[in-house]
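> One structure follows; several queries about it will come next.
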Amino acid sequence: MNTQNRISAFFLQVALGVFALCALNAAASDLHSVYTLQAPNDRWVVRALTAANQCPLITWDKQKPVAMHLRAPQAVVPARSDSAQSNSKPSVFDITSCEAEWPKGVQSAHVEGVAVPAPPQKINRILIIADTGCRLKASENAFQDCNDADKWPFKKVANSAAKMKADLVVHIGDIHYRESPCPEGKAGCAGATWGYGWDAWRDDFFVPARALLGVAPWLYVRGNHESCFRAGQGWFRFVDALPWTQERNCNDPAHDMKGDFSDPFVASISKNSQFLVFDSSKSSGKAYQAADPAFIKYQEQLRLANQLAATKPESFFINHHPLLAAAPGPDATKFKAGGSGGLQSVFSSIEPARLFPANVSVAMHGHIHLFEAISFQTDHPVSLVMGNSGSMNEGFAPNVIQPTDRLYKDAVVDNYASRSEYGFATMDRTEENGKDAWVLTEYTTDGVAVIQCRIQAAKSRCHPI
Ligand SMILES: [Fe+2]
């Protein structure tokens, strides 16, 4: 190579270097969110959402960066004919969803320089939220003040929760609530994004949850708001733990019998205990007829769940809709049972009295927008409702449940704690005589502890702090 060629080669290399740097910077600035989620059978997946069409690079420990895999490309998905709200529009996903499975033995990961939460070595503190989005729903004339941080406090909840040093965050469903446009002249929600596309997901979840997404991996449980005819497309693009496929993306109602019924899966908490995650997103509030295809499908899923429950001494059954709960009322003096009639009809067809398999010690839910911790004299698991993390309150939990009140058939309550205000919860694990014991703490939106419950052997005891 002569001198002139060497100089040309040098400038070419510099130019390529500058180009590569620009490309890298463009990818970094296009990156919107990076987060880690729990997948079935103790696998962990990193997700990245980017405005670019290519997936960003991920660096495992100090290895050479590699490109993440495309999960779902950008697309404009036509509005479904069965959309939950009459005022509907196509879902614009001007964001690319990318993913990479966390390799065994890797300690850390960065996506375009952004640190990603690592899978926990041990799970000692679990942080729980549910029902977080800002309700904009024309069919119920319900419009929450999304622009007011006290009236829609999810960002406050997420920021307080981010300081709790949790090993795992669990979201028990109903992430997306912005289904309808804010009515003209309503300042509290003026300008709010709406519909089932990326902009509403971004403002309802990814922006307010940013701090909490950055501190720990999440386990996502699907709510009725994420069923296929509502925000299911975003559920599968962003937070569902299994592969995104044409049958499991909610774009075409013809696939809903696959899309609306994900198989249950387990995720270890400790050597003794596991989460048993159940997708109840499409379940009816009313008892099913035995010939209903949904009844048959849920029965299949529950039989599968029962087999999974047998794989560890203790399971926390986790699904969005409570089976054993009190419903909110106009004041705190009245009692009303609030369990899902549809799920009760399915579960009682397999476990007539207890509803849940024998080694399910705790059932965890959202859906009802309040906090409840319920322990039974009878042989039922502790029932926890934690749907108070941001979406519009719907009334008051009863202050007490009388010995004569019944949540379900012969289930007799012997310890009950409730709270109707917004907040979130943690569960701290300790080991006693080789068995897990838990302390459940309920917090205000500012992170002030207000109720504490001790949970062991399928019973809970709560007290105010
Ligand atoms: Fe719900």
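Letters for chains follow the order of the structure tokens (A, B, ...), residue numbers begin at 1 for each chain, and ligand numbers begin at 1 in the order shown.
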Based on the backbone DSSP call, show me all residues of stretch 59-121 of chain A assigned strand (DSSP E), as a ChimeraX atom specification.
/A:59-60,66-67,69-72,75-77,91-93,96-101,109-111,114-116
> Please, which residues in chain A fall within 7 Å of ligand 1 when counting only C-alpha atoms and all ligand atoms, and what is the closest atom pair and distance in Å to one decimal for each, ordered by chain then residue number, as a tab-separated table?

residue	atom	partner	partner_atom_place_in_ligand_line	distance
A:Asp131	CA	ligand 1	1 (Fe)	6.7
A:Gly173	CA	ligand 1	1 (Fe)	6.9
A:Asp174	CA	ligand 1	1 (Fe)	5.4
A:Gly223	CA	ligand 1	1 (Fe)	5.4
A:Asn224	CA	ligand 1	1 (Fe)	5.1
A:His225	CA	ligand 1	1 (Fe)	6.3
A:His320	CA	ligand 1	1 (Fe)	6.6
A:His321	CA	ligand 1	1 (Fe)	6.7
A:Gly366	CA	ligand 1	1 (Fe)	6.7
A:His367	CA	ligand 1	1 (Fe)	3.6
A:Ile368	CA	ligand 1	1 (Fe)	6.7
> Save out the residues we just selected, N, CA and C atoms, as a PDB file, in the first residue's frame.

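Generated output (out.pdb):
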ATOM      1  N   ASP A 131     -53.679  -3.040  39.016  1.00  0.00           N
ATOM      2  CA  ASP A 131     -54.689  -2.048  38.642  1.00  0.00           C
ATOM      3  C   ASP A 131     -54.121  -0.632  38.689  1.00  0.00           C
ATOM      4  N   GLY A 173     -52.004  -7.433  37.126  1.00  0.00           N
ATOM      5  CA  GLY A 173     -52.934  -7.196  36.026  1.00  0.00           C
ATOM      6  C   GLY A 173     -53.706  -5.892  36.057  1.00  0.00           C
ATOM      7  N   ASP A 174     -54.287  -5.574  34.899  1.00  0.00           N
ATOM      8  CA  ASP A 174     -54.924  -4.296  34.593  1.00  0.00           C
ATOM      9  C   ASP A 174     -53.882  -3.188  34.611  1.00  0.00           C
ATOM     10  N   GLY A 223     -54.569  -9.085  33.365  1.00  0.00           N
ATOM     11  CA  GLY A 223     -55.892  -8.658  33.844  1.00  0.00           C
ATOM     12  C   GLY A 223     -56.912  -8.621  32.728  1.00  0.00           C
ATOM     13  N   ASN A 224     -58.175  -8.367  33.093  1.00  0.00           N
ATOM     14  CA  ASN A 224     -59.227  -8.296  32.071  1.00  0.00           C
ATOM     15  C   ASN A 224     -58.979  -7.154  31.082  1.00  0.00           C
ATOM     16  N   HIS A 225     -58.265  -6.110  31.516  1.00  0.00           N
ATOM     17  CA  HIS A 225     -57.958  -5.020  30.582  1.00  0.00           C
ATOM     18  C   HIS A 225     -56.981  -5.450  29.491  1.00  0.00           C
ATOM     19  N   HIS A 320     -55.664 -12.506  38.283  1.00  0.00           N
ATOM     20  CA  HIS A 320     -56.206 -11.153  38.459  1.00  0.00           C
ATOM     21  C   HIS A 320     -57.511 -11.105  39.267  1.00  0.00           C
ATOM     22  N   HIS A 321     -58.454 -11.990  38.955  1.00  0.00           N
ATOM     23  CA  HIS A 321     -59.789 -11.884  39.557  1.00  0.00           C
ATOM     24  C   HIS A 321     -59.875 -12.669  40.870  1.00  0.00           C
ATOM     25  N   GLY A 366     -55.832  -8.891  42.024  1.00  0.00           N
ATOM     26  CA  GLY A 366     -56.101  -7.461  41.920  1.00  0.00           C
ATOM     27  C   GLY A 366     -57.585  -7.306  41.632  1.00  0.00           C
ATOM     28  N   HIS A 367     -57.915  -6.525  40.599  1.00  0.00           N
ATOM     29  CA  HIS A 367     -59.250  -6.354  40.035  1.00  0.00           C
ATOM     30  C   HIS A 367     -60.167  -5.468  40.878  1.00  0.00           C
ATOM     31  N   ILE A 368     -60.280  -5.768  42.165  1.00  0.00           N
ATOM     32  CA  ILE A 368     -61.059  -4.893  43.041  1.00  0.00           C
ATOM     33  C   ILE A 368     -60.089  -3.819  43.546  1.00  0.00           C
TER      34      ILE A 368
END
> Please identify all polymer residues within 10 Å of stretch 206-218 of chain A, counting only C-alpha atoms, omitting same-chain residues fewer than 4 positions from it, and present them as a PyMOL selection string.
chain A and resi 32-39+44-46+49+114-120+126-128+132-133+153-171+175+198-202+238-239
> Store the residues picked out above in a file with C-alpha atoms, as a PDB file, in the first residue's frame.

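Heads up, here's the output in again_16.pdb:
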ATOM      1  CA  HIS A  32     -37.402   3.957  25.200  1.00  0.00           C
ATOM      2  CA  SER A  33     -37.459   1.249  27.881  1.00  0.00           C
ATOM      3  CA  VAL A  34     -35.388  -1.720  28.999  1.00  0.00           C
ATOM      4  CA  TYR A  35     -36.636  -4.164  31.606  1.00  0.00           C
ATOM      5  CA  THR A  36     -36.395  -7.757  32.785  1.00  0.00           C
ATOM      6  CA  LEU A  37     -39.322 -10.094  33.199  1.00  0.00           C
ATOM      7  CA  GLN A  38     -39.838 -13.520  34.646  1.00  0.00           C
ATOM      8  CA  ALA A  39     -40.708 -16.298  32.191  1.00  0.00           C
ATOM      9  CA  TRP A  44     -35.651 -14.510  32.675  1.00  0.00           C
ATOM     10  CA  VAL A  45     -36.002 -12.338  29.611  1.00  0.00           C
ATOM     11  CA  VAL A  46     -34.699  -8.838  28.867  1.00  0.00           C
ATOM     12  CA  LEU A  49     -38.513  -1.056  23.269  1.00  0.00           C
ATOM     13  CA  VAL A 114     -28.289   1.119  30.061  1.00  0.00           C
ATOM     14  CA  ALA A 115     -28.023  -1.311  32.996  1.00  0.00           C
ATOM     15  CA  VAL A 116     -30.745  -3.960  33.113  1.00  0.00           C
ATOM     16  CA  PRO A 117     -32.053  -5.456  36.410  1.00  0.00           C
ATOM     17  CA  ALA A 118     -30.474  -8.869  36.977  1.00  0.00           C
ATOM     18  CA  PRO A 119     -32.456 -11.950  38.036  1.00  0.00           C
ATOM     19  CA  PRO A 120     -32.422 -12.211  41.848  1.00  0.00           C
ATOM     20  CA  ILE A 126     -41.557  -9.168  46.735  1.00  0.00           C
ATOM     21  CA  LEU A 127     -43.242  -5.912  45.826  1.00  0.00           C
ATOM     22  CA  ILE A 128     -46.858  -6.108  44.682  1.00  0.00           C
ATOM     23  CA  THR A 132     -52.387   0.829  37.901  1.00  0.00           C
ATOM     24  CA  GLY A 133     -53.607   2.701  34.785  1.00  0.00           C
ATOM     25  CA  PRO A 153     -51.142   8.266  41.741  1.00  0.00           C
ATOM     26  CA  PHE A 154     -49.418   5.386  39.895  1.00  0.00           C
ATOM     27  CA  LYS A 155     -46.215   7.361  39.301  1.00  0.00           C
ATOM     28  CA  LYS A 156     -46.093   8.223  43.018  1.00  0.00           C
ATOM     29  CA  VAL A 157     -46.670   4.535  43.874  1.00  0.00           C
ATOM     30  CA  ALA A 158     -43.945   3.387  41.466  1.00  0.00           C
ATOM     31  CA  ASN A 159     -41.436   5.944  42.762  1.00  0.00           C
ATOM     32  CA  SER A 160     -42.110   5.035  46.425  1.00  0.00           C
ATOM     33  CA  ALA A 161     -42.022   1.322  45.588  1.00  0.00           C
ATOM     34  CA  ALA A 162     -38.688   1.733  43.756  1.00  0.00           C
ATOM     35  CA  LYS A 163     -37.064   2.637  47.101  1.00  0.00           C
ATOM     36  CA  MET A 164     -38.143  -0.606  48.802  1.00  0.00           C
ATOM     37  CA  LYS A 165     -35.205  -2.709  47.575  1.00  0.00           C
ATOM     38  CA  ALA A 166     -37.458  -5.489  46.299  1.00  0.00           C
ATOM     39  CA  ASP A 167     -35.974  -8.583  44.669  1.00  0.00           C
ATOM     40  CA  LEU A 168     -38.998  -8.995  42.417  1.00  0.00           C
ATOM     41  CA  VAL A 169     -41.938  -6.792  41.420  1.00  0.00           C
ATOM     42  CA  VAL A 170     -45.264  -8.471  40.724  1.00  0.00           C
ATOM     43  CA  HIS A 171     -47.991  -6.712  38.735  1.00  0.00           C
ATOM     44  CA  ILE A 175     -52.011  -2.253  33.361  1.00  0.00           C
ATOM     45  CA  TRP A 198     -48.063   2.374  21.962  1.00  0.00           C
ATOM     46  CA  ASP A 199     -48.739   5.996  22.984  1.00  0.00           C
ATOM     47  CA  ALA A 200     -51.410   4.980  25.522  1.00  0.00           C
ATOM     48  CA  TRP A 201     -49.245   2.104  26.839  1.00  0.00           C
ATOM     49  CA  ARG A 202     -46.305   4.487  27.102  1.00  0.00           C
ATOM     50  CA  PHE A 238     -44.562  -5.820  25.709  1.00  0.00           C
ATOM     51  CA  VAL A 239     -45.019  -7.977  28.818  1.00  0.00           C
TER      52      VAL A 239
END
> Taking 2 positions as the minimum chain separation for residues in the same chain, which residues sit within 12 Å of A:Asn319 when counting only C-alpha atoms? Answer as a ChimeraX atom specification.
/A:130,170-174,219-224,262,264-265,275-283,302,305,316-317,321-323,340,343,362-367,383-387
> Report as JSON lines the residues of stretch 311-360 of chain A within 9 Å of stretch 456-459 of chain A, each with its shortest atom pair and distance in Å (one decimal), using only C-alpha atoms, ordered by chain and increasing residue number.

{"residue": "A:Glu314", "atom": "CA", "partner": "A:Ala457", "partner_atom": "CA", "distance": 8.8}
{"residue": "A:Asn359", "atom": "CA", "partner": "A:Ala458", "partner_atom": "CA", "distance": 8.8}
{"residue": "A:Val360", "atom": "CA", "partner": "A:Ala458", "partner_atom": "CA", "distance": 7.8}
> Among the residues of stretch 127-209 of chain A, find those DSSP assigns to alpha helix (DSSP H) from the backbone and print them as a list of chain:residue names.
A:Phe154, A:Lys155, A:Lys156, A:Val157, A:Ala158, A:Asn159, A:Ser160, A:Ala161, A:Trp198, A:Asp199, A:Ala200, A:Trp201
> Restricting the calculation to only C-alpha atoms, which member of A:Glu421, A:Asp428, A:Glu184, A:Asp42 is positioned closest to A:Asp150?
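Of A:Glu421, A:Asp428, A:Glu184, A:Asp42, the one nearest A:Asp150, counting only C-alpha atoms, is A:Glu421.
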> Write out as a Markdown table a residue-level contact list of stretch 151-235 of chain A versus stretch 85-102 of chain A with cut-off 8 Å: for each qualifying residue the closest pair of atoms and the distance in Å to one decimal, counting only C-alpha atoms, rows sorted by chain and residue number upward.

| residue | atom | partner | partner_atom | distance |
| --- | --- | --- | --- | --- |
| A:Glu179 | CA | A:Gln85 | CA | 6.9 |
| A:Ser180 | CA | A:Asn87 | CA | 6.8 |
| A:Gly195 | CA | A:Lys89 | CA | 6.8 |
| A:Tyr196 | CA | A:Ser91 | CA | 5.4 |
| A:Gly197 | CA | A:Ser91 | CA | 4.1 |
| A:Trp198 | CA | A:Phe93 | CA | 5.0 |
| A:Asp199 | CA | A:Val92 | CA | 7.9 |
> Between A:Arg406, A:Gln299, A:Gly339, A:Gln274, which is the closest to A:Asn41 once you count only C-alpha atoms?
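Closest candidate: A:Gln274.
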> Hey, which of A:Leu70, A:Ala79, A:Asn388, A:Asp414 ends up closest to A:Trp244? Count only C-alpha atoms.
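Going through A:Leu70, A:Ala79, A:Asn388, A:Asp414 one by one, the smallest distance to A:Trp244 is for A:Leu70.
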> With only C-alpha atoms as the basis for distance, which of A:Trp438, A:Pro65, A:Glu112, A:Arg71 is at the shortest distance from A:Ala28?
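Residue with the minimum atom-to-atom distance to A:Ala28: A:Glu112.
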> Please list as a list in words every residue within 10 Å of A:Phe335, counting only C-alpha atoms and excluding residues in the same chain fewer than 2 positions away.
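My reading of the contact set: Ala326, Ala327, Pro328, Gly329, Asp331, Ala332, Thr333, Ala337, Gly338, Phe396, Ala397, Pro398, Asn399, Val400, Ile401, Gln402, Asp405, Arg406 and Leu407 of chain A.
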> Export C-alpha atoms of the chosen residues as a PDB file, in the first residue's frame?

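out36.pdb, written as the output of this step:
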ATOM      1  CA  ALA A 326     -65.490  -8.560  49.703  1.00  0.00           C
ATOM      2  CA  ALA A 327     -66.715  -6.112  47.078  1.00  0.00           C
ATOM      3  CA  PRO A 328     -66.511  -2.342  47.523  1.00  0.00           C
ATOM      4  CA  GLY A 329     -69.686  -0.573  48.615  1.00  0.00           C
ATOM      5  CA  ASP A 331     -69.596   3.073  52.577  1.00  0.00           C
ATOM      6  CA  ALA A 332     -67.524   0.837  54.844  1.00  0.00           C
ATOM      7  CA  THR A 333     -70.413  -0.444  56.971  1.00  0.00           C
ATOM      8  CA  ALA A 337     -69.318 -10.774  48.563  1.00  0.00           C
ATOM      9  CA  GLY A 338     -67.102  -9.907  45.596  1.00  0.00           C
ATOM     10  CA  PHE A 396     -65.077   1.284  50.201  1.00  0.00           C
ATOM     11  CA  ALA A 397     -64.006  -2.063  51.575  1.00  0.00           C
ATOM     12  CA  PRO A 398     -66.042  -3.163  54.608  1.00  0.00           C
ATOM     13  CA  ASN A 399     -64.350  -2.315  57.910  1.00  0.00           C
ATOM     14  CA  VAL A 400     -65.204  -5.708  59.361  1.00  0.00           C
ATOM     15  CA  ILE A 401     -66.527  -9.035  58.199  1.00  0.00           C
ATOM     16  CA  GLN A 402     -68.978 -10.517  60.712  1.00  0.00           C
ATOM     17  CA  ASP A 405     -71.004 -12.963  56.597  1.00  0.00           C
ATOM     18  CA  ARG A 406     -70.048 -15.328  53.804  1.00  0.00           C
ATOM     19  CA  LEU A 407     -67.620 -14.607  50.960  1.00  0.00           C
TER      20      LEU A 407
END
> Applying 10 Å and only C-alpha atoms, which residues near A:Thr378 remain after dropping the ones on its own chain fewer than 6 positions away? List them as a PyMOL selection string.
chain A and resi 353-354+410-414
> Output N, CA and C atoms for every residue in the selection just made, as an mmCIF file, in the first residue's frame.

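New file part06.cif:
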data_model
loop_
_atom_site.group_PDB
_atom_site.id
_atom_site.type_symbol
_atom_site.label_atom_id
_atom_site.label_comp_id
_atom_site.auth_asym_id
_atom_site.auth_seq_id
_atom_site.Cartn_x
_atom_site.Cartn_y
_atom_site.Cartn_z
ATOM 1 N N ALA A 353 -65.131 -27.510 47.730
ATOM 2 C CA ALA A 353 -65.186 -26.690 48.940
ATOM 3 C C ALA A 353 -64.071 -25.652 48.967
ATOM 4 N N ARG A 354 -62.838 -26.127 48.786
ATOM 5 C CA ARG A 354 -61.679 -25.244 48.979
ATOM 6 C C ARG A 354 -61.429 -24.335 47.777
ATOM 7 N N ASP A 410 -69.526 -21.992 52.393
ATOM 8 C CA ASP A 410 -69.264 -22.168 53.829
ATOM 9 C C ASP A 410 -67.894 -21.645 54.254
ATOM 10 N N ALA A 411 -67.287 -20.748 53.475
ATOM 11 C CA ALA A 411 -65.989 -20.172 53.861
ATOM 12 C C ALA A 411 -66.201 -19.174 54.997
ATOM 13 N N VAL A 412 -65.604 -19.475 56.171
ATOM 14 C CA VAL A 412 -65.810 -18.626 57.355
ATOM 15 C C VAL A 412 -64.543 -17.811 57.626
ATOM 16 N N VAL A 413 -64.690 -16.497 57.605
ATOM 17 C CA VAL A 413 -63.547 -15.597 57.796
ATOM 18 C C VAL A 413 -63.202 -15.501 59.270
ATOM 19 N N ASP A 414 -61.902 -15.581 59.595
ATOM 20 C CA ASP A 414 -61.546 -15.341 61.002
ATOM 21 C C ASP A 414 -60.545 -14.205 61.177
#
> Record the distance separating atom CA of A:His463 and atom CA of A:Ile451, expressed in Å with one decimal.
5.8 Å
